[in-house]
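Student: Provided herewith: run_18.txt, compact mmCIF, C-alpha atoms and all ligand atoms.
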# COMPACT_ATOMS: atom_id res chain seq x y z
CA MET A 211 -85.91 32.50 60.41
CA VAL A 212 -82.54 31.28 61.58
CA LEU A 213 -80.81 33.78 63.83
CA GLY A 214 -77.40 34.77 62.61
CA CYS A 215 -77.61 33.33 59.10
CA PRO A 216 -78.10 35.73 56.17
CA GLU A 217 -81.57 34.81 54.96
CA ASP A 218 -80.87 35.44 51.28
CA LEU A 219 -77.84 33.14 51.31
CA LEU A 220 -79.76 30.49 53.22
CA SER A 221 -82.61 30.66 50.73
CA LEU A 222 -80.19 30.08 47.84
CA ALA A 223 -78.52 27.22 49.70
CA THR A 224 -81.78 25.37 50.23
CA THR A 225 -82.63 25.90 46.56
CA TYR A 226 -79.35 24.37 45.36
CA VAL A 227 -78.75 21.58 47.88
CA ASP A 228 -80.33 18.93 45.67
CA ASN A 229 -77.85 19.83 42.91
CA ALA A 230 -74.92 18.59 44.97
CA TYR A 231 -73.36 15.50 43.41
CA ALA A 232 -72.73 13.18 46.35
CA PRO A 233 -73.60 9.62 45.26
CA TYR A 234 -70.91 8.09 47.47
CA SER A 235 -71.22 9.89 50.80
CA GLY A 236 -74.78 11.14 50.48
CA TYR A 237 -73.51 14.30 52.19
CA ARG A 238 -74.81 17.17 50.07
CA VAL A 239 -73.23 20.56 50.69
CA VAL A 240 -73.88 24.00 49.23
CA ALA A 241 -71.70 27.08 49.64
CA VAL A 242 -72.96 30.58 48.87
CA LEU A 243 -70.25 33.22 48.72
CA ARG A 244 -70.94 36.98 48.73
CA ASP A 245 -68.42 39.47 47.45
CA VAL A 246 -68.00 43.09 48.51
CA HIS A 247 -70.28 44.19 45.65
CA ASP A 248 -73.07 41.92 46.97
CA ARG A 249 -72.75 39.51 44.09
CA VAL A 250 -73.35 35.92 45.16
CA PHE A 251 -71.78 32.74 43.83
CA VAL A 252 -73.06 29.24 44.52
CA GLY A 253 -71.15 25.99 44.61
CA VAL A 254 -72.06 22.42 45.45
CA ASN A 255 -69.81 19.52 46.34
CA VAL A 256 -68.94 17.32 43.38
CA GLU A 257 -67.81 13.81 44.30
CA ASN A 258 -65.88 11.48 42.04
CA PRO A 259 -65.33 7.70 42.11
CA SER A 260 -61.63 8.56 42.35
CA TYR A 261 -62.18 10.10 45.78
CA GLY A 262 -59.20 12.43 45.64
CA LEU A 263 -60.81 14.30 42.76
CA THR A 264 -63.83 15.27 44.82
CA VAL A 265 -64.19 19.03 45.20
CA CYS A 266 -65.93 20.74 48.10
CA ALA A 267 -68.76 23.22 47.60
CA GLU A 268 -66.70 26.07 49.05
CA ARG A 269 -63.98 25.81 46.42
CA VAL A 270 -66.53 25.40 43.62
CA ALA A 271 -68.17 28.66 44.75
CA LEU A 272 -64.82 30.42 45.18
CA PHE A 273 -63.47 29.37 41.79
CA SER A 274 -66.71 30.40 40.10
CA ALA A 275 -66.48 33.80 41.80
CA VAL A 276 -62.85 34.27 40.79
CA THR A 277 -63.74 33.26 37.24
CA ALA A 278 -66.33 36.06 37.25
CA GLY A 279 -63.69 38.54 38.37
CA ALA A 280 -64.57 38.70 42.08
CA ARG A 281 -61.60 39.06 44.41
CA ARG A 282 -62.87 40.48 47.69
CA PHE A 283 -65.48 38.71 49.79
CA LYS A 284 -67.64 39.48 52.79
CA GLU A 285 -69.15 36.15 53.76
CA ILE A 286 -69.79 32.55 52.88
CA LEU A 287 -72.61 30.31 54.03
CA VAL A 288 -71.95 26.59 54.03
CA TYR A 289 -75.11 24.51 54.24
CA THR A 290 -76.21 20.92 54.42
CA SER A 291 -79.58 19.43 55.16
CA LYS A 292 -78.43 16.84 57.71
CA PRO A 293 -75.63 16.52 60.31
CA PRO A 294 -72.74 16.77 60.77
CA PRO A 295 -72.27 20.54 60.43
CA PRO A 296 -70.32 21.38 57.26
CA ILE A 297 -67.31 23.07 58.82
CA PRO A 298 -65.04 23.88 55.88
CA CYS A 299 -62.04 21.56 55.48
CA GLY A 300 -58.48 22.80 55.68
CA ALA A 301 -58.05 22.95 51.90
CA CYS A 302 -61.09 25.19 51.52
CA LEU A 303 -60.05 27.41 54.41
CA GLN A 304 -56.64 27.84 52.83
CA ALA A 305 -58.19 28.62 49.43
CA LEU A 306 -60.52 31.20 50.97
CA SER A 307 -57.72 32.72 53.03
CA ALA A 308 -55.95 33.87 49.86
CA PHE A 309 -58.87 36.29 49.35
CA ASP A 310 -59.48 37.24 52.99
CA GLU A 311 -58.61 40.76 54.02
CA GLY A 312 -59.35 40.00 57.63
CA GLY A 313 -63.12 40.13 57.71
CA LEU A 314 -64.43 37.10 55.88
CA ARG A 315 -67.28 35.61 57.89
CA VAL A 316 -68.09 31.90 57.64
CA TYR A 317 -71.62 30.74 58.44
CA VAL A 318 -72.26 27.05 58.96
CA HIS A 319 -75.79 25.72 58.97
CA VAL A 320 -77.50 22.34 59.12
CA GLY A 321 -81.10 22.49 57.91
CA GLY A 322 -83.46 22.94 60.82
CA GLY A 323 -80.66 23.73 63.24
CA LEU A 324 -78.78 26.74 64.46
CA CYS A 325 -76.52 28.89 62.37
CA GLU A 326 -72.92 29.02 63.58
CA SER A 327 -70.79 32.00 62.66
CA PHE A 328 -67.00 32.27 62.62
CA ALA A 329 -64.33 34.61 61.39
CA LEU A 330 -62.22 32.76 58.84
CA ALA A 331 -59.19 33.43 61.03
CA GLU A 332 -60.86 31.53 63.89
CA LEU A 333 -61.05 28.41 61.74
CA LEU A 334 -57.61 28.87 60.15
CA PRO A 335 -55.50 31.08 62.40
CA ARG A 336 -52.19 30.53 60.59
CA PRO A 337 -52.78 30.17 56.85
CA PHE A 338 -49.89 29.49 54.51
CA ARG A 339 -48.59 32.69 52.88
CA LEU A 340 -45.86 33.27 50.35
ZN ZN A 401 -63.32 21.64 51.63
Just give me the structure as structure tokens.
Tutor:
Amino acid sequence: MVLGCPEDLLSLATTYVDNAYAPYSGYRVVAVLRDVHDRVFVGVNVENPSYGLTVCAERVALFSAVTAGARRFKEILVYTSKPPPPIPCGACLQALSAFDEGGLRVYVHVGGGLCESFALAELLPRPFRL
């Protein structure tokens, strides 16, 4: 058991990590997003030979959730099996912030290590807003 990490999200993350498509960096990431109705959505990073087209696991999970009609979220676990810790990038934080009502929790975990936990606002204190 990893203290602080939701075990069900961690279990899903370890199940899906090998599905990440990371032939260039070798850095496989999984994001598991839970909405307020306890539905979970999984995303993996998808790299592209045109590097700018690469999409992070967090946005894949978020866009899948939004496609399914989810709009309000409780937490997201971002997982990788080897260092460095997968702290979400600025683009993903901004994308998540559009659906944050002030309580979205971000868990970051490297396999075999500790689980770090942040409020989204700690990682992105001043998101862009229209
Ligand atoms: Zn990102």
Student: Identify which of the residues A:Gly323, A:Pro293, A:Pro259, A:Gly253 lies closest to Val240 of chain A, counting only C-alpha atoms when measuring atom-to-atom distances.
Tutor: A:Gly253
Student: Would you please work out which residue, of A:Tyr226, A:Tyr317, A:Tyr231, A:Tyr237, is nearest to Pro298 of chain A when using only C-alpha atoms?
Tutor: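 When distances to Pro298 of chain A are compared using only C-alpha atoms, the smallest one comes from A:Tyr317.
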Student: Taking all atoms listed in the file into account, which residues have an atom no farther than 8 Å from ligand ZN 401 (chain A)? I'd like them as a PDB file with C-alpha atoms, in the frame of the given file.
Tutor:
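Written output follows (out29.pdb):
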ATOM      1  CA  VAL A 265     -64.190  19.030  45.200  1.00  0.00           C
ATOM      2  CA  CYS A 266     -65.930  20.740  48.100  1.00  0.00           C
ATOM      3  CA  ALA A 267     -68.760  23.220  47.600  1.00  0.00           C
ATOM      4  CA  GLU A 268     -66.700  26.070  49.050  1.00  0.00           C
ATOM      5  CA  ARG A 269     -63.980  25.810  46.420  1.00  0.00           C
ATOM      6  CA  PRO A 298     -65.040  23.880  55.880  1.00  0.00           C
ATOM      7  CA  CYS A 299     -62.040  21.560  55.480  1.00  0.00           C
ATOM      8  CA  GLY A 300     -58.480  22.800  55.680  1.00  0.00           C
ATOM      9  CA  ALA A 301     -58.050  22.950  51.900  1.00  0.00           C
ATOM     10  CA  CYS A 302     -61.090  25.190  51.520  1.00  0.00           C
ATOM     11  CA  LEU A 303     -60.050  27.410  54.410  1.00  0.00           C
TER      12      LEU A 303
END
Student: Using atom CA of Asp228 of chain A and atom CA of Tyr289 of chain A as the two end points, give the distance in Å to one decimal.
Tutor: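 If I compute the distance from atom CA of Asp228 of chain A to atom CA of Tyr289 of chain A, I get 11.5 Å.
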Student: Would you place a box with edges along x, y and z of the file around all atoms of segment 255-271 of chain A listed there, add 4 Å to each of its six sides, and report the centre and edge lengths in Å to one decimal, as lines of an AutoDock Vina configuration file?
Tutor:
center_x = -64.5
center_y = 18.2
center_z = 45.5
size_x = 18.6
size_y = 29.0
size_z = 15.0
Student: Measuring atom to atom with only C-alpha atoms, identify which of A:Cys215, A:Leu306, A:Val250, A:Ala232 is nearest to Glu326 of chain A.
Tutor: A:Cys215
Student: Which residue out of A:Val270, A:Arg282, A:Leu219, A:Ser291 has the minimum interatomic distance to Gly236 of chain A when all atoms listed in the file are used?
Tutor: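 Checking each candidate against Gly236 of chain A, we get A:Ser291 as the closest.
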Student: Atom CA of Asn229 of chain A and atom CA of Val256 of chain A, how far apart in Å?
Tutor: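 Here the two named atoms are 9.3 Å from each other.
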Student: Using all atoms listed in the file, can you tell me which of A:Lys284, A:Leu263, A:Phe251, A:Gly279 comes closest to Gly312 of chain A?
Tutor: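 Checking each of A:Lys284, A:Leu263, A:Phe251, A:Gly279 against Gly312 of chain A, counting all atoms listed in the file, the winner is A:Lys284.
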Student: Figure out the distance between atom CA of Val242 of chain A and atom CA of Leu220 of chain A, please, to one decimal in Å.
Tutor: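 A separation of 8.1 Å between them.
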Student: Of the candidates A:Arg281, A:Val254, A:Gly214, A:Leu222, which shows the shortest atom-to-atom distance to Leu324 of chain A, using all atoms listed in the file?
Tutor: A:Gly214
Student: For segment 254-280 of chain A, supply N, CA, C and O atoms and report the output as a compact mmCIF listing (two decimals), in the frame of the given file.
Tutor:
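What landed in selection-v8.txt:
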# COMPACT_ATOMS: atom_id res chain seq x y z
N VAL A 254 -71.64 23.65 44.77
CA VAL A 254 -72.06 22.42 45.45
C VAL A 254 -70.87 21.47 45.44
O VAL A 254 -69.98 21.58 44.60
N ASN A 255 -70.87 20.52 46.37
CA ASN A 255 -69.81 19.52 46.34
C ASN A 255 -70.02 18.59 45.14
O ASN A 255 -71.16 18.27 44.77
N VAL A 256 -68.91 18.20 44.55
CA VAL A 256 -68.94 17.32 43.38
C VAL A 256 -68.02 16.14 43.68
O VAL A 256 -66.79 16.29 43.67
N GLU A 257 -68.61 15.00 43.98
CA GLU A 257 -67.81 13.81 44.30
C GLU A 257 -67.42 13.08 43.02
O GLU A 257 -68.00 13.29 41.95
N ASN A 258 -66.40 12.23 43.18
CA ASN A 258 -65.88 11.48 42.04
C ASN A 258 -65.54 10.08 42.53
O ASN A 258 -65.10 9.92 43.68
N PRO A 259 -65.70 9.05 41.67
CA PRO A 259 -65.33 7.70 42.11
C PRO A 259 -63.85 7.58 42.46
O PRO A 259 -63.48 6.71 43.24
N SER A 260 -63.02 8.44 41.90
CA SER A 260 -61.63 8.56 42.35
C SER A 260 -61.67 9.63 43.45
O SER A 260 -61.62 10.83 43.18
N TYR A 261 -61.80 9.19 44.69
CA TYR A 261 -62.18 10.10 45.78
C TYR A 261 -61.34 11.37 45.86
O TYR A 261 -61.84 12.42 46.22
N GLY A 262 -60.06 11.26 45.54
CA GLY A 262 -59.20 12.43 45.64
C GLY A 262 -59.57 13.56 44.70
O GLY A 262 -59.13 14.69 44.88
N LEU A 263 -60.38 13.27 43.72
CA LEU A 263 -60.81 14.30 42.76
C LEU A 263 -62.05 15.05 43.22
O LEU A 263 -62.46 16.02 42.58
N THR A 264 -62.65 14.59 44.29
CA THR A 264 -63.83 15.27 44.82
C THR A 264 -63.48 16.71 45.18
O THR A 264 -62.41 16.99 45.70
N VAL A 265 -64.41 17.62 44.89
CA VAL A 265 -64.19 19.03 45.20
C VAL A 265 -65.33 19.50 46.10
O VAL A 265 -66.51 19.24 45.83
N CYS A 266 -64.96 20.22 47.14
CA CYS A 266 -65.93 20.74 48.10
C CYS A 266 -66.71 21.91 47.50
O CYS A 266 -66.21 22.64 46.62
N ALA A 267 -67.88 22.13 48.05
CA ALA A 267 -68.76 23.22 47.60
C ALA A 267 -68.09 24.59 47.74
O ALA A 267 -68.27 25.46 46.89
N GLU A 268 -67.32 24.77 48.81
CA GLU A 268 -66.70 26.07 49.05
C GLU A 268 -65.75 26.46 47.92
O GLU A 268 -65.72 27.59 47.46
N ARG A 269 -64.93 25.49 47.48
CA ARG A 269 -63.98 25.81 46.42
C ARG A 269 -64.69 25.96 45.08
O ARG A 269 -64.27 26.77 44.24
N VAL A 270 -65.76 25.21 44.86
CA VAL A 270 -66.53 25.40 43.62
C VAL A 270 -67.09 26.82 43.58
O VAL A 270 -66.98 27.51 42.56
N ALA A 271 -67.63 27.29 44.69
CA ALA A 271 -68.17 28.66 44.75
C ALA A 271 -67.05 29.69 44.57
O ALA A 271 -67.19 30.65 43.82
N LEU A 272 -65.94 29.47 45.26
CA LEU A 272 -64.82 30.42 45.18
C LEU A 272 -64.26 30.50 43.76
O LEU A 272 -64.03 31.59 43.24
N PHE A 273 -64.07 29.36 43.13
CA PHE A 273 -63.47 29.37 41.79
C PHE A 273 -64.43 29.97 40.78
O PHE A 273 -64.01 30.64 39.84
N SER A 274 -65.72 29.76 40.97
CA SER A 274 -66.71 30.40 40.10
C SER A 274 -66.66 31.91 40.28
O SER A 274 -66.71 32.67 39.30
N ALA A 275 -66.54 32.36 41.52
CA ALA A 275 -66.48 33.80 41.80
C ALA A 275 -65.22 34.41 41.18
O ALA A 275 -65.29 35.47 40.55
N VAL A 276 -64.10 33.75 41.36
CA VAL A 276 -62.85 34.27 40.79
C VAL A 276 -62.93 34.30 39.27
O VAL A 276 -62.48 35.26 38.63
N THR A 277 -63.56 33.30 38.69
CA THR A 277 -63.74 33.26 37.24
C THR A 277 -64.54 34.47 36.76
O THR A 277 -64.28 35.03 35.69
N ALA A 278 -65.50 34.90 37.59
CA ALA A 278 -66.33 36.06 37.25
C ALA A 278 -65.65 37.38 37.57
O ALA A 278 -66.23 38.45 37.35
N GLY A 279 -64.44 37.32 38.09
CA GLY A 279 -63.69 38.54 38.37
C GLY A 279 -63.75 39.00 39.82
O GLY A 279 -63.15 40.02 40.17
N ALA A 280 -64.48 38.31 40.67
CA ALA A 280 -64.57 38.70 42.08
C ALA A 280 -63.25 38.37 42.79
O ALA A 280 -62.63 37.35 42.51
